[in-house]
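Containing mmCIF, C-alpha atoms: protein.cif.
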```cif
data_protein
#
loop_
_atom_site.label_atom_id
_atom_site.label_comp_id
_atom_site.auth_asym_id
_atom_site.auth_seq_id
_atom_site.Cartn_x
_atom_site.Cartn_y
_atom_site.Cartn_z
CA MET A 1 -25.74 -28.12 65.30
CA THR A 2 -22.18 -28.96 64.28
CA ARG A 3 -19.54 -27.28 66.38
CA ALA A 4 -16.92 -25.27 64.50
CA ALA A 5 -13.52 -26.90 64.20
CA PRO A 6 -10.82 -25.48 66.45
CA GLU A 7 -8.37 -22.97 65.06
CA ILE A 8 -4.75 -24.12 65.46
CA ARG A 9 -1.50 -22.30 64.81
CA THR A 10 1.99 -23.81 64.81
CA PHE A 11 5.25 -21.87 64.85
CA LEU A 12 8.89 -22.31 65.76
CA CYS A 13 10.24 -21.48 69.19
CA ARG A 14 13.88 -21.54 70.27
CA SER A 15 15.75 -23.42 67.53
CA ASP A 16 13.52 -26.42 66.88
CA ASN A 17 10.65 -26.44 69.40
CA ILE A 18 7.15 -26.26 67.98
CA GLY A 19 4.78 -23.78 69.59
CA VAL A 20 1.09 -24.61 69.28
CA LEU A 21 -2.03 -22.57 70.00
CA ILE A 22 -5.51 -24.10 69.87
CA ARG A 23 -8.59 -21.87 69.99
CA ASP A 24 -12.27 -22.66 70.36
CA PRO A 25 -13.96 -20.19 68.00
CA ALA A 26 -17.31 -20.56 69.74
CA SER A 27 -16.07 -19.30 73.11
CA GLY A 28 -12.82 -17.58 72.24
CA ALA A 29 -10.92 -19.72 74.74
CA CYS A 30 -7.36 -20.43 73.64
CA ALA A 31 -4.61 -22.71 74.97
CA ALA A 32 -0.89 -22.94 74.38
CA ILE A 33 0.59 -26.43 74.38
CA ASP A 34 3.74 -25.79 76.44
CA VAL A 35 5.58 -22.46 76.27
CA PRO A 36 9.14 -23.09 75.06
CA GLU A 37 9.76 -19.33 75.05
CA ALA A 38 7.45 -16.41 75.59
CA GLY A 39 8.22 -14.17 72.62
CA PRO A 40 6.89 -16.28 69.74
CA VAL A 41 3.77 -17.29 71.68
CA LEU A 42 2.93 -13.69 72.52
CA ALA A 43 3.68 -12.58 68.97
CA VAL A 44 1.24 -15.07 67.45
CA LEU A 45 -1.42 -14.16 70.02
CA ASP A 46 -1.02 -10.50 69.13
CA ALA A 47 -1.05 -11.17 65.39
CA GLU A 48 -4.22 -13.24 65.62
CA GLY A 49 -5.92 -11.06 68.21
CA TRP A 50 -6.46 -14.08 70.44
CA GLN A 51 -6.69 -14.07 74.24
CA LEU A 52 -4.78 -16.89 75.90
CA THR A 53 -6.84 -18.55 78.62
CA ASP A 54 -4.90 -21.78 79.25
CA ILE A 55 -1.48 -23.40 79.09
CA LEU A 56 -1.36 -27.20 78.85
CA VAL A 57 2.04 -28.57 79.87
CA THR A 58 3.17 -31.91 78.44
CA HIS A 59 6.26 -32.37 80.62
CA ARG A 60 8.69 -30.59 82.87
CA HIS A 61 11.76 -30.13 80.62
CA ALA A 62 12.99 -26.54 80.55
CA ASP A 63 12.61 -26.17 76.78
CA HIS A 64 8.86 -26.69 77.23
CA ILE A 65 8.13 -24.58 80.31
CA GLU A 66 10.63 -21.76 80.66
CA GLY A 67 8.43 -19.22 78.91
CA ILE A 68 5.44 -19.84 81.17
CA PRO A 69 6.03 -17.14 83.83
CA GLU A 70 6.27 -14.31 81.31
CA VAL A 71 3.23 -15.48 79.36
CA VAL A 72 1.17 -15.90 82.53
CA GLU A 73 2.17 -12.41 83.67
CA ARG A 74 1.08 -10.99 80.32
CA THR A 75 -2.13 -12.99 79.81
CA GLY A 76 -3.25 -14.39 83.16
CA ALA A 77 -3.59 -17.83 81.54
CA ARG A 78 -4.40 -20.80 83.75
CA VAL A 79 -1.66 -23.44 83.82
CA THR A 80 -2.44 -27.16 83.78
CA ALA A 81 0.53 -29.47 84.34
CA PRO A 82 1.22 -33.16 84.93
CA GLU A 83 0.75 -34.26 88.51
CA LYS A 84 4.14 -35.96 88.37
CA ALA A 85 5.74 -32.62 87.39
CA ARG A 86 4.24 -30.75 90.34
CA SER A 87 7.60 -29.81 91.85
CA ALA A 88 8.98 -28.58 88.51
CA VAL A 89 5.89 -26.54 87.57
CA PRO A 90 4.89 -24.87 90.82
CA GLY A 91 1.85 -22.67 90.99
CA ALA A 92 -0.19 -24.43 88.32
CA ALA A 93 -3.93 -24.06 88.74
CA ARG A 94 -4.42 -27.77 88.17
CA TYR A 95 -2.35 -30.95 88.07
CA VAL A 96 -3.57 -33.87 85.96
CA GLY A 97 -2.90 -37.52 85.28
CA GLU A 98 -4.24 -40.54 83.44
CA GLY A 99 -7.99 -40.39 82.83
CA ASP A 100 -8.44 -36.72 83.64
CA THR A 101 -10.13 -34.30 81.24
CA VAL A 102 -9.05 -30.81 80.24
CA THR A 103 -11.21 -28.20 78.55
CA VAL A 104 -10.50 -25.21 76.34
CA GLY A 105 -13.84 -23.48 76.11
CA GLY A 106 -16.12 -26.09 74.58
CA LEU A 107 -13.23 -28.32 73.50
CA SER A 108 -12.59 -31.37 75.65
CA GLY A 109 -9.39 -33.40 75.81
CA GLN A 110 -8.36 -36.63 77.48
CA VAL A 111 -5.15 -36.83 79.49
CA TRP A 112 -2.90 -39.80 78.82
CA GLU A 113 0.16 -40.53 80.89
CA THR A 114 2.83 -41.32 78.27
CA PRO A 115 6.09 -41.90 80.14
CA GLY A 116 9.34 -42.94 78.53
CA HIS A 117 10.92 -39.70 77.40
CA CYS A 118 10.50 -38.63 81.01
CA ALA A 119 8.48 -39.98 83.91
CA ASP A 120 5.96 -37.12 84.08
CA HIS A 121 5.08 -36.84 80.37
CA VAL A 122 1.42 -36.55 79.40
CA THR A 123 -0.38 -36.35 76.06
CA TYR A 124 -3.60 -34.41 75.41
CA TYR A 125 -6.07 -36.06 73.04
CA PHE A 126 -9.02 -34.00 71.81
CA ALA A 127 -11.10 -36.75 70.25
CA ASP A 128 -13.98 -34.65 68.94
CA ALA A 129 -11.55 -32.20 67.35
CA GLY A 130 -9.46 -35.04 65.91
CA VAL A 131 -6.16 -33.75 67.31
CA VAL A 132 -3.54 -35.11 69.69
CA PHE A 133 -0.75 -33.11 71.31
CA ALA A 134 2.06 -35.61 71.73
CA GLY A 135 4.84 -33.42 73.15
CA ASP A 136 8.13 -35.31 73.01
CA THR A 137 6.61 -38.81 72.87
CA LEU A 138 5.72 -39.10 69.18
CA PHE A 139 7.41 -36.99 66.51
CA THR A 140 6.82 -36.81 62.79
CA LEU A 141 8.83 -39.81 61.49
CA GLY A 142 10.30 -40.42 64.93
CA CYS A 143 9.89 -40.59 68.69
CA GLY A 144 11.43 -39.09 71.79
CA ARG A 145 14.69 -40.19 73.31
CA VAL A 146 14.30 -42.57 76.25
CA MET A 147 15.59 -40.75 79.31
CA GLU A 148 13.93 -41.95 82.51
CA ALA A 149 12.73 -45.47 81.82
CA GLU A 150 13.41 -48.66 79.95
CA PRO A 151 12.70 -48.47 76.20
CA ALA A 152 9.73 -50.77 76.68
CA THR A 153 8.03 -48.03 78.68
CA LEU A 154 8.20 -45.59 75.77
CA TRP A 155 7.04 -48.31 73.40
CA ARG A 156 3.92 -48.89 75.50
CA SER A 157 3.23 -45.15 75.37
CA LEU A 158 3.71 -45.04 71.61
CA ALA A 159 1.52 -48.08 71.04
CA ARG A 160 -1.47 -46.16 72.38
CA PHE A 161 -1.34 -43.88 69.36
CA LEU A 162 -1.84 -46.84 67.01
CA ASP A 163 -5.46 -47.13 68.16
CA LEU A 164 -6.37 -43.58 67.19
CA PRO A 165 -8.27 -42.87 63.95
CA ASP A 166 -5.93 -42.47 60.99
CA ALA A 167 -7.15 -38.93 60.35
CA THR A 168 -6.11 -37.73 63.81
CA ALA A 169 -3.70 -34.79 63.50
CA VAL A 170 -0.51 -35.22 65.53
CA TYR A 171 1.21 -32.14 66.93
CA SER A 172 4.66 -32.87 68.30
CA GLY A 173 6.98 -30.77 70.42
CA HIS A 174 9.97 -30.46 68.07
CA ASP A 175 10.80 -30.18 64.40
CA TYR A 176 13.22 -33.07 64.02
CA VAL A 177 11.64 -34.15 60.76
CA LEU A 178 14.66 -34.07 58.46
CA SER A 179 16.97 -35.92 60.84
CA ASN A 180 14.20 -38.38 61.66
CA GLY A 181 13.64 -38.88 57.95
CA ARG A 182 17.26 -39.76 57.33
CA PHE A 183 17.13 -42.45 59.99
CA ALA A 184 13.74 -43.71 58.81
CA LEU A 185 15.10 -44.16 55.28
CA ALA A 186 18.07 -46.10 56.63
CA ALA A 187 15.75 -48.43 58.55
CA ASP A 188 12.98 -48.71 55.93
CA PRO A 189 14.72 -47.93 52.61
CA ASP A 190 12.12 -49.34 50.20
CA ASN A 191 9.11 -47.55 51.70
CA ALA A 192 7.71 -45.43 48.86
CA ASP A 193 5.39 -43.47 51.16
CA LEU A 194 8.34 -42.64 53.40
CA LYS A 195 10.44 -41.41 50.47
CA GLU A 196 7.60 -39.12 49.42
CA ARG A 197 7.18 -37.69 52.91
CA VAL A 198 10.88 -37.04 53.36
CA ALA A 199 10.93 -35.25 50.01
CA GLU A 200 7.93 -33.15 51.08
CA ALA A 201 9.68 -32.28 54.36
CA GLY A 202 12.70 -31.11 52.39
CA ARG A 203 10.57 -28.88 50.18
CA LEU A 204 8.85 -27.34 53.19
CA ALA A 205 12.16 -26.73 54.95
CA GLU A 206 13.39 -24.68 52.01
CA THR A 207 10.70 -22.09 52.76
CA GLY A 208 10.88 -22.29 56.55
CA GLY A 209 8.04 -24.79 56.92
CA PHE A 210 7.85 -28.12 58.69
CA LEU A 211 5.87 -31.34 58.44
CA ILE A 212 3.87 -30.74 61.62
CA PRO A 213 1.13 -31.66 62.11
CA SER A 214 1.26 -35.13 60.75
CA THR A 215 -1.55 -37.67 60.94
CA ILE A 216 -1.75 -41.01 62.66
CA GLY A 217 -2.31 -42.70 59.30
CA GLU A 218 0.80 -41.10 57.84
CA GLU A 219 2.87 -42.08 60.86
CA LYS A 220 1.63 -45.67 60.76
CA ALA A 221 2.75 -45.84 57.13
CA THR A 222 6.13 -44.14 57.50
CA ASN A 223 7.37 -43.85 61.10
CA PRO A 224 9.74 -46.75 61.86
CA PHE A 225 8.98 -46.59 65.56
CA LEU A 226 5.29 -47.28 64.90
CA ARG A 227 6.10 -49.96 62.30
CA VAL A 228 8.08 -52.29 64.55
CA GLY A 229 5.75 -55.18 63.69
CA GLU A 230 6.87 -55.05 60.05
CA PRO A 231 9.45 -57.66 58.97
CA VAL A 232 11.65 -55.06 57.28
CA LEU A 233 12.05 -53.13 60.53
CA ALA A 234 12.89 -56.28 62.49
CA ARG A 235 15.57 -57.14 59.95
CA SER A 236 16.96 -53.62 60.01
CA ALA A 237 17.16 -53.86 63.79
CA GLY A 238 19.14 -57.10 63.49
CA LEU A 239 16.27 -59.29 64.69
CA GLU A 240 14.17 -62.02 63.15
CA PRO A 241 10.82 -61.09 61.57
CA GLY A 242 8.07 -61.76 64.08
CA SER A 243 10.22 -60.66 67.00
CA ASP A 244 8.47 -58.99 69.90
CA PRO A 245 7.62 -55.39 68.90
CA SER A 246 9.09 -54.07 72.14
CA ALA A 247 12.41 -55.74 71.35
CA VAL A 248 12.41 -54.32 67.83
CA PHE A 249 11.62 -50.88 69.19
CA THR A 250 14.43 -51.16 71.74
CA ALA A 251 16.94 -52.09 69.04
CA LEU A 252 15.78 -49.33 66.69
CA ARG A 253 15.88 -46.70 69.41
CA ALA A 254 19.43 -47.75 70.34
CA TRP A 255 20.43 -47.50 66.67
CA LYS A 256 18.84 -44.06 66.37
CA ASN A 257 20.82 -42.91 69.41
CA ARG A 258 24.03 -43.75 67.52
CA PHE A 259 22.86 -42.61 64.10
#
```
Give the structure from the file, written as structure tokens.
Amino acid sequence: MTRAAPEIRTFLCRSDNIGVLIRDPASGACAAIDVPEAGPVLAVLDAEGWQLTDILVTHRHADHIEGIPEVVERTGARVTAPEKARSAVPGAARYVGEGDTVTVGGLSGQVWETPGHCADHVTYYFADAGVVFAGDTLFTLGCGRVMEAEPATLWRSLARFLDLPDATAVYSGHDYVLSNGRFALAADPDNADLKERVAEAGRLAETGGFLIPSTIGEEKATNPFLRVGEPVLARSAGLEPGSDPSAVFTALRAWKNRF
């Protein structure tokens, strides 16, 4: 018997955070990926008639966790957080790291440690459902800012996503799509697929939408930070084609910081 696909809702929180709910229709279990602020999460739960059972934290930054206490008080949801964020997310029911598994009803996800944006960052990959919750590691058309590591650390985390099936849906923690698109076009100006995606993002923005989720295949074709092996990106970064991908990534990330 084929299991029903999960139900997923995305919505804006704060100014540009992306709230995500994933629900297993077979059991009714439902998880929030981070809680940037309580109000929008609770509003979507009420609108859908869903009962929140879990909160999966990707990292400790305030704009991803500050709504947790209010939502837990309202719903009684169980909090799962990165082991390396234990001091910043006290009182979680469970702390996880590389190789652990999380469940939402009958849905099962792998925990990846994906440092670079911050030391405690984790990603949740639900292989059977074909979805990955990337937090602030991988964005549509972009990646997180390097804050607590060398750029090579974030590159190693990003490179893991390249091995996922192209159809895997990528849910990221912020809607930075338009600004990411402007940089991507500067770095990869002749990429027809990229031009089309940036245009689509613009159309969605006009009606309050956003290009999240993306897919791994789309990101491999259009995200400069996943295309660092391409000669055009090396040249744009001021390096020779064939340069080490980590070096190209480092140069591109430094350029993006100034862009």
Pick from A:His174, A:Leu42, A:Phe126, A:Glu7, whichever lies nearest to A:His64 using all atoms listed in the file:
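Looking at the shortest contact to A:His64, the residue is A:His174.
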Pull out every residue that the PyMOL selection byres ((chain A and resi 171) around 12) matches in the shown coordinates and put them as a VMD selection string.
chain A and resid 8 to 11 17 to 22 33 to 34 58 123 to 126 130 to 140 168 to 170 172 to 175 210 to 216 219
Of the residues A:Ala199, A:Val96, A:Cys13, A:Ala29, which is the one nearest to A:Val44, using only C-alpha atoms?
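Closest residue, counting only C-alpha atoms: A:Cys13.
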Find the residues near A:Leu141: any atom within 8 Å, counting all atoms listed in the file, skip ones fewer than 2 places away on the same chain, and give them as a list in words.
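Here the answer would be Phe139, Cys143, Val177, Asn180, Gly181, Ala184, Glu219, Thr222, Asn223, Pro224 and Phe225 of chain A.
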I want to know what sits within 7 Å of A:Val71, based on all atoms listed in the file, with residues of the same chain fewer than 4 positions away left out; could you give that as an MDAnalysis selection string?
chainID A and resid 38 67 75
Might you spell out which residues the PyMOL selection byres ((chain A and resi 113) around 7) would select in the displayed file, as a list in words?
Gly97, Glu98, Val111, Trp112, Thr114, Pro115, His121, Val122 and Thr123 of chain A
I'd like the residues picked by the PyMOL selection byres ((chain A and resi 244) around 12) written out as a ChimeraX atom specification, using the chain letters and numbers from the file.
/A:152,155,228-231,233-234,237,239-243,245-251
Residue nearest A:Glu218 among A:Leu52, A:Val198, A:Ala167, A:Leu252 (counting all atoms listed in the file):
A:Ala167
So which residues touch A:His61 within 10 Å, counting only C-alpha atoms, skipping near sequence neighbours fewer than 6 positions away, as a PDB file with C-alpha atoms, in the frame of the given file?
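Saved file around.pdb follows:
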```pdb
ATOM      1  CA  PRO A  36       9.140 -23.090  75.060  1.00  0.00           C
ATOM      2  CA  ALA A  85       5.740 -32.620  87.390  1.00  0.00           C
ATOM      3  CA  ALA A  88       8.980 -28.580  88.510  1.00  0.00           C
ATOM      4  CA  VAL A  89       5.890 -26.540  87.570  1.00  0.00           C
ATOM      5  CA  CYS A 118      10.500 -38.630  81.010  1.00  0.00           C
ATOM      6  CA  ASP A 120       5.960 -37.120  84.080  1.00  0.00           C
ATOM      7  CA  HIS A 121       5.080 -36.840  80.370  1.00  0.00           C
ATOM      8  CA  ASP A 136       8.130 -35.310  73.010  1.00  0.00           C
TER       9      ASP A 136
END
```
Suppose you want the space between atom CA of A:Ala127 and atom CA of A:Lys84; what is it in Å?
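Distance reported for this atom pair: 23.7 Å.
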Any idea what the distance is between atom CA of A:Leu56 and atom CA of A:Ser179?
27.1 Å
Quick one: pull the distance between atom CA of A:Glu206 and atom CA of A:Gly142, Å, one decimal.
20.6 Å
